[in-house]
file start.cif (mmCIF, C-alpha atoms and all ligand atoms)
data_model
loop_
_atom_site.label_atom_id
_atom_site.label_comp_id
_atom_site.auth_asym_id
_atom_site.auth_seq_id
_atom_site.Cartn_x
_atom_site.Cartn_y
_atom_site.Cartn_z
CA MET B 77 -69.65 73.24 7.24
CA ASN B 78 -71.94 70.22 7.17
CA GLN B 79 -71.30 67.42 9.62
CA THR B 80 -73.09 64.09 9.91
CA PHE B 81 -73.17 62.03 13.09
CA THR B 82 -74.56 58.60 13.84
CA VAL B 83 -76.22 58.85 17.24
CA GLN B 84 -77.65 55.92 19.20
CA GLY B 85 -80.47 56.06 21.70
CA MET B 86 -82.77 58.71 20.26
CA THR B 87 -86.15 57.08 20.82
CA CYS B 88 -88.65 59.93 20.63
CA GLY B 89 -89.22 63.55 19.81
CA HIS B 90 -87.99 64.56 23.23
CA CYS B 91 -84.62 63.00 22.48
CA GLU B 92 -84.45 64.92 19.21
CA LYS B 93 -85.18 68.11 21.07
CA ALA B 94 -82.56 67.38 23.74
CA VAL B 95 -79.90 66.77 21.10
CA THR B 96 -80.91 69.85 19.12
CA THR B 97 -80.85 72.03 22.23
CA ALA B 98 -77.43 70.74 23.29
CA ILE B 99 -76.00 71.61 19.88
CA LYS B 100 -77.64 75.03 19.83
CA ILE B 101 -76.23 75.90 23.24
CA LEU B 102 -72.81 75.33 21.71
CA ASP B 103 -73.67 77.19 18.51
CA PRO B 104 -76.92 79.19 18.41
CA GLN B 105 -76.53 79.57 14.61
CA ALA B 106 -76.30 75.83 14.03
CA GLN B 107 -78.77 74.16 11.71
CA VAL B 108 -79.78 70.73 13.00
CA ALA B 109 -81.66 68.05 11.07
CA ILE B 110 -82.38 64.72 12.73
CA ASP B 111 -83.51 61.50 11.07
CA ARG B 112 -84.29 59.32 14.07
CA ALA B 113 -85.11 56.22 12.00
CA GLN B 114 -81.59 56.36 10.53
CA ASN B 115 -79.92 57.45 13.81
CA ARG B 116 -78.61 60.36 11.80
CA VAL B 117 -77.92 63.89 13.00
CA GLU B 118 -76.87 66.48 10.43
CA VAL B 119 -75.42 69.72 11.70
CA THR B 120 -74.38 72.81 9.81
CA THR B 121 -71.95 74.65 12.07
CA GLU B 122 -68.51 76.21 12.20
CA GLN B 123 -67.80 74.45 15.50
CA PRO B 124 -65.30 71.56 15.47
CA ARG B 125 -66.76 68.11 15.05
CA GLU B 126 -65.37 66.93 18.40
CA ALA B 127 -67.19 69.73 20.24
CA ILE B 128 -70.53 68.84 18.65
CA ALA B 129 -69.99 65.14 19.39
CA ALA B 130 -69.12 65.94 23.02
CA ALA B 131 -72.30 68.00 23.44
CA ILE B 132 -74.41 65.11 22.12
CA LYS B 133 -72.63 62.64 24.42
CA GLU B 134 -73.17 64.91 27.41
CA GLU B 135 -76.91 64.64 26.77
CA GLY B 136 -76.52 60.89 27.24
CA TYR B 137 -76.49 59.67 23.64
CA ASP B 138 -73.79 57.54 22.06
CA VAL B 139 -72.06 58.98 19.01
CA THR B 140 -70.84 56.00 17.01
CA ALA B 141 -69.77 57.75 13.82
CU CU P 201 -86.78 60.42 23.82
#

call {"tool": "encode", "arguments": {"input": "start.cif", "output": "structure tokens"}}
result
Amino acid sequence: MNQTFTVQGMTCGHCEKAVTTAIKILDPQAQVAIDRAQNRVEVTTEQPREAIAAAIKEEGYDVTA
């Protein structure tokens, strides 16, 4: 299932890596694609949307959509 999130505060490659790692801890099979210029994070996962959003927030980034 493909999920798209709008995530604020990703300023560099390290942020992308932190978000990707947080999602993969939750779901090692997850596919993560990040477009930092668009604040967009696309995740292919069977995990519920709320769980993915919570993992991103725990890393310190705001999920606004
Ligand atoms: Cu960064």

call {"tool": "residues_near_ligand", "arguments": {"input": "start.cif", "ligand": "ligand CU 201 (chain P)", "cutoff": "8 Å", "atoms": "only C-alpha atoms and all ligand atoms", "output": "list of chain:residue names"}}
result
B:Gly85, B:Met86, B:Thr87, B:Cys88, B:Gly89, B:His90, B:Cys91, B:Glu92

call {"tool": "atom_distance", "arguments": {"input": "start.cif", "atom1": "CA of Thr121 (chain B)", "atom2": "CA of Met77 (chain B)"}}
result
5.5 Å

call {"tool": "atom_distance", "arguments": {"input": "start.cif", "atom1": "CA of Thr97 (chain B)", "atom2": "CA of Thr120 (chain B)"}}
result
14.0 Å

call {"tool": "residues_around", "arguments": {"input": "start.cif", "residues": "Gln114 (chain B)", "least_positions_apart": "2", "cutoff": "12 Å", "atoms": "only C-alpha atoms", "output": "PDB file with C-alpha atoms, keeping the file's coordinate frame"}}
result
ATOM      1  CA  THR B  80     -73.090  64.090   9.910  1.00  0.00           C
ATOM      2  CA  PHE B  81     -73.170  62.030  13.090  1.00  0.00           C
ATOM      3  CA  THR B  82     -74.560  58.600  13.840  1.00  0.00           C
ATOM      4  CA  VAL B  83     -76.220  58.850  17.240  1.00  0.00           C
ATOM      5  CA  GLN B  84     -77.650  55.920  19.200  1.00  0.00           C
ATOM      6  CA  GLY B  85     -80.470  56.060  21.700  1.00  0.00           C
ATOM      7  CA  MET B  86     -82.770  58.710  20.260  1.00  0.00           C
ATOM      8  CA  THR B  87     -86.150  57.080  20.820  1.00  0.00           C
ATOM      9  CA  ALA B 109     -81.660  68.050  11.070  1.00  0.00           C
ATOM     10  CA  ILE B 110     -82.380  64.720  12.730  1.00  0.00           C
ATOM     11  CA  ASP B 111     -83.510  61.500  11.070  1.00  0.00           C
ATOM     12  CA  ARG B 112     -84.290  59.320  14.070  1.00  0.00           C
ATOM     13  CA  ARG B 116     -78.610  60.360  11.800  1.00  0.00           C
ATOM     14  CA  VAL B 117     -77.920  63.890  13.000  1.00  0.00           C
ATOM     15  CA  GLU B 118     -76.870  66.480  10.430  1.00  0.00           C
TER      16      GLU B 118
END

call {"tool": "closest_residue", "arguments": {"input": "start.cif", "among": "B:Leu102, B:Val95, B:Ala141, B:Val108", "to": "Pro124 (chain B)", "atoms": "all atoms listed in the file"}}
result
B:Leu102

call {"tool": "closest_residue", "arguments": {"input": "start.cif", "among": "B:Asn78, B:Ala94, B:Asp138, B:Ile128", "to": "Asn115 (chain B)", "atoms": "only C-alpha atoms"}}
result
B:Asp138

call {"tool": "atom_distance", "arguments": {"input": "start.cif", "atom1": "CA of Gln123 (chain B)", "atom2": "CA of Val139 (chain B)"}}
result
16.4 Å

call {"tool": "residues_around", "arguments": {"input": "start.cif", "residues": "region 125-127 of chain B", "least_positions_apart": "3", "cutoff": "8 Å", "atoms": "only C-alpha atoms", "output": "list in words"}}
result
Gln79, Ala130 and Ala131 of chain B

call {"tool": "write_last_selection", "arguments": {"input": "start.cif", "atoms": "C-alpha atoms", "output": "PDB file, in the coordinates of the input"}}
result
ATOM      1  CA  GLN B  79     -71.300  67.420   9.620  1.00  0.00           C
ATOM      2  CA  ALA B 130     -69.120  65.940  23.020  1.00  0.00           C
ATOM      3  CA  ALA B 131     -72.300  68.000  23.440  1.00  0.00           C
TER       4      ALA B 131
END

call {"tool": "decode", "arguments": {"input": "start.cif", "residues": "region 79-105 of chain B", "atoms": "N, CA and C atoms", "output": "PDB file, in the first residue's frame"}}
result
ATOM      1  N   GLN B  79       1.681   5.113   0.591  1.00  0.00           N
ATOM      2  CA  GLN B  79       1.239   6.214   1.444  1.00  0.00           C
ATOM      3  C   GLN B  79       2.129   7.420   1.191  1.00  0.00           C
ATOM      4  N   THR B  80       1.514   8.598   1.150  1.00  0.00           N
ATOM      5  CA  THR B  80       2.272   9.824   0.945  1.00  0.00           C
ATOM      6  C   THR B  80       2.095  10.733   2.147  1.00  0.00           C
ATOM      7  N   PHE B  81       3.217  11.245   2.640  1.00  0.00           N
ATOM      8  CA  PHE B  81       3.203  12.149   3.793  1.00  0.00           C
ATOM      9  C   PHE B  81       3.859  13.466   3.404  1.00  0.00           C
ATOM     10  N   THR B  82       3.361  14.550   3.983  1.00  0.00           N
ATOM     11  CA  THR B  82       4.047  15.830   3.887  1.00  0.00           C
ATOM     12  C   THR B  82       4.783  16.040   5.196  1.00  0.00           C
ATOM     13  N   VAL B  83       6.102  16.158   5.102  1.00  0.00           N
ATOM     14  CA  VAL B  83       6.946  16.191   6.296  1.00  0.00           C
ATOM     15  C   VAL B  83       7.773  17.479   6.286  1.00  0.00           C
ATOM     16  N   GLN B  84       7.677  18.240   7.372  1.00  0.00           N
ATOM     17  CA  GLN B  84       8.416  19.505   7.475  1.00  0.00           C
ATOM     18  C   GLN B  84       9.730  19.291   8.204  1.00  0.00           C
ATOM     19  N   GLY B  85      10.729  20.065   7.814  1.00  0.00           N
ATOM     20  CA  GLY B  85      11.966  20.112   8.588  1.00  0.00           C
ATOM     21  C   GLY B  85      13.100  19.248   8.064  1.00  0.00           C
ATOM     22  N   MET B  86      12.892  18.593   6.917  1.00  0.00           N
ATOM     23  CA  MET B  86      13.985  17.805   6.345  1.00  0.00           C
ATOM     24  C   MET B  86      14.880  18.745   5.540  1.00  0.00           C
ATOM     25  N   THR B  87      16.058  19.039   6.069  1.00  0.00           N
ATOM     26  CA  THR B  87      16.893  20.069   5.451  1.00  0.00           C
ATOM     27  C   THR B  87      18.095  19.504   4.705  1.00  0.00           C
ATOM     28  N   CYS B  88      18.433  18.247   4.927  1.00  0.00           N
ATOM     29  CA  CYS B  88      19.631  17.723   4.266  1.00  0.00           C
ATOM     30  C   CYS B  88      19.527  16.209   4.115  1.00  0.00           C
ATOM     31  N   GLY B  89      20.544  15.641   3.524  1.00  0.00           N
ATOM     32  CA  GLY B  89      20.549  14.204   3.305  1.00  0.00           C
ATOM     33  C   GLY B  89      20.495  13.416   4.597  1.00  0.00           C
ATOM     34  N   HIS B  90      21.074  13.990   5.647  1.00  0.00           N
ATOM     35  CA  HIS B  90      21.029  13.309   6.936  1.00  0.00           C
ATOM     36  C   HIS B  90      19.599  13.174   7.435  1.00  0.00           C
ATOM     37  N   CYS B  91      18.815  14.203   7.238  1.00  0.00           N
ATOM     38  CA  CYS B  91      17.403  14.148   7.634  1.00  0.00           C
ATOM     39  C   CYS B  91      16.678  13.050   6.851  1.00  0.00           C
ATOM     40  N   GLU B  92      16.957  12.979   5.557  1.00  0.00           N
ATOM     41  CA  GLU B  92      16.327  11.938   4.741  1.00  0.00           C
ATOM     42  C   GLU B  92      16.679  10.561   5.270  1.00  0.00           C
ATOM     43  N   LYS B  93      17.929  10.417   5.649  1.00  0.00           N
ATOM     44  CA  LYS B  93      18.379   9.123   6.154  1.00  0.00           C
ATOM     45  C   LYS B  93      17.717   8.797   7.487  1.00  0.00           C
ATOM     46  N   ALA B  94      17.590   9.806   8.350  1.00  0.00           N
ATOM     47  CA  ALA B  94      16.967   9.599   9.660  1.00  0.00           C
ATOM     48  C   ALA B  94      15.515   9.164   9.497  1.00  0.00           C
ATOM     49  N   VAL B  95      14.802   9.813   8.581  1.00  0.00           N
ATOM     50  CA  VAL B  95      13.400   9.465   8.351  1.00  0.00           C
ATOM     51  C   VAL B  95      13.303   8.064   7.754  1.00  0.00           C
ATOM     52  N   THR B  96      14.152   7.783   6.775  1.00  0.00           N
ATOM     53  CA  THR B  96      14.136   6.458   6.150  1.00  0.00           C
ATOM     54  C   THR B  96      14.414   5.362   7.175  1.00  0.00           C
ATOM     55  N   THR B  97      15.419   5.598   8.021  1.00  0.00           N
ATOM     56  CA  THR B  97      15.779   4.596   9.026  1.00  0.00           C
ATOM     57  C   THR B  97      14.637   4.372  10.007  1.00  0.00           C
ATOM     58  N   ALA B  98      14.001   5.448  10.439  1.00  0.00           N
ATOM     59  CA  ALA B  98      12.894   5.324  11.396  1.00  0.00           C
ATOM     60  C   ALA B  98      11.771   4.478  10.814  1.00  0.00           C
ATOM     61  N   ILE B  99      11.489   4.677   9.531  1.00  0.00           N
ATOM     62  CA  ILE B  99      10.421   3.908   8.884  1.00  0.00           C
ATOM     63  C   ILE B  99      10.843   2.444   8.745  1.00  0.00           C
ATOM     64  N   LYS B 100      12.113   2.220   8.404  1.00  0.00           N
ATOM     65  CA  LYS B 100      12.569   0.848   8.184  1.00  0.00           C
ATOM     66  C   LYS B 100      12.696   0.054   9.479  1.00  0.00           C
ATOM     67  N   ILE B 101      12.866   0.746  10.594  1.00  0.00           N
ATOM     68  CA  ILE B 101      12.854   0.048  11.882  1.00  0.00           C
ATOM     69  C   ILE B 101      11.452  -0.525  12.112  1.00  0.00           C
ATOM     70  N   LEU B 102      10.465   0.267  11.749  1.00  0.00           N
ATOM     71  CA  LEU B 102       9.071  -0.157  11.895  1.00  0.00           C
ATOM     72  C   LEU B 102       8.737  -1.278  10.909  1.00  0.00           C
ATOM     73  N   ASP B 103       9.229  -1.139   9.679  1.00  0.00           N
ATOM     74  CA  ASP B 103       8.933  -2.109   8.629  1.00  0.00           C
ATOM     75  C   ASP B 103      10.165  -2.265   7.734  1.00  0.00           C
ATOM     76  N   PRO B 104      10.970  -3.285   8.001  1.00  0.00           N
ATOM     77  CA  PRO B 104      12.199  -3.478   7.222  1.00  0.00           C
ATOM     78  C   PRO B 104      11.945  -3.658   5.719  1.00  0.00           C
ATOM     79  N   GLN B 105      10.729  -4.071   5.342  1.00  0.00           N
ATOM     80  CA  GLN B 105      10.401  -4.264   3.920  1.00  0.00           C
ATOM     81  C   GLN B 105       9.947  -2.984   3.247  1.00  0.00           C
TER      82      GLN B 105
END
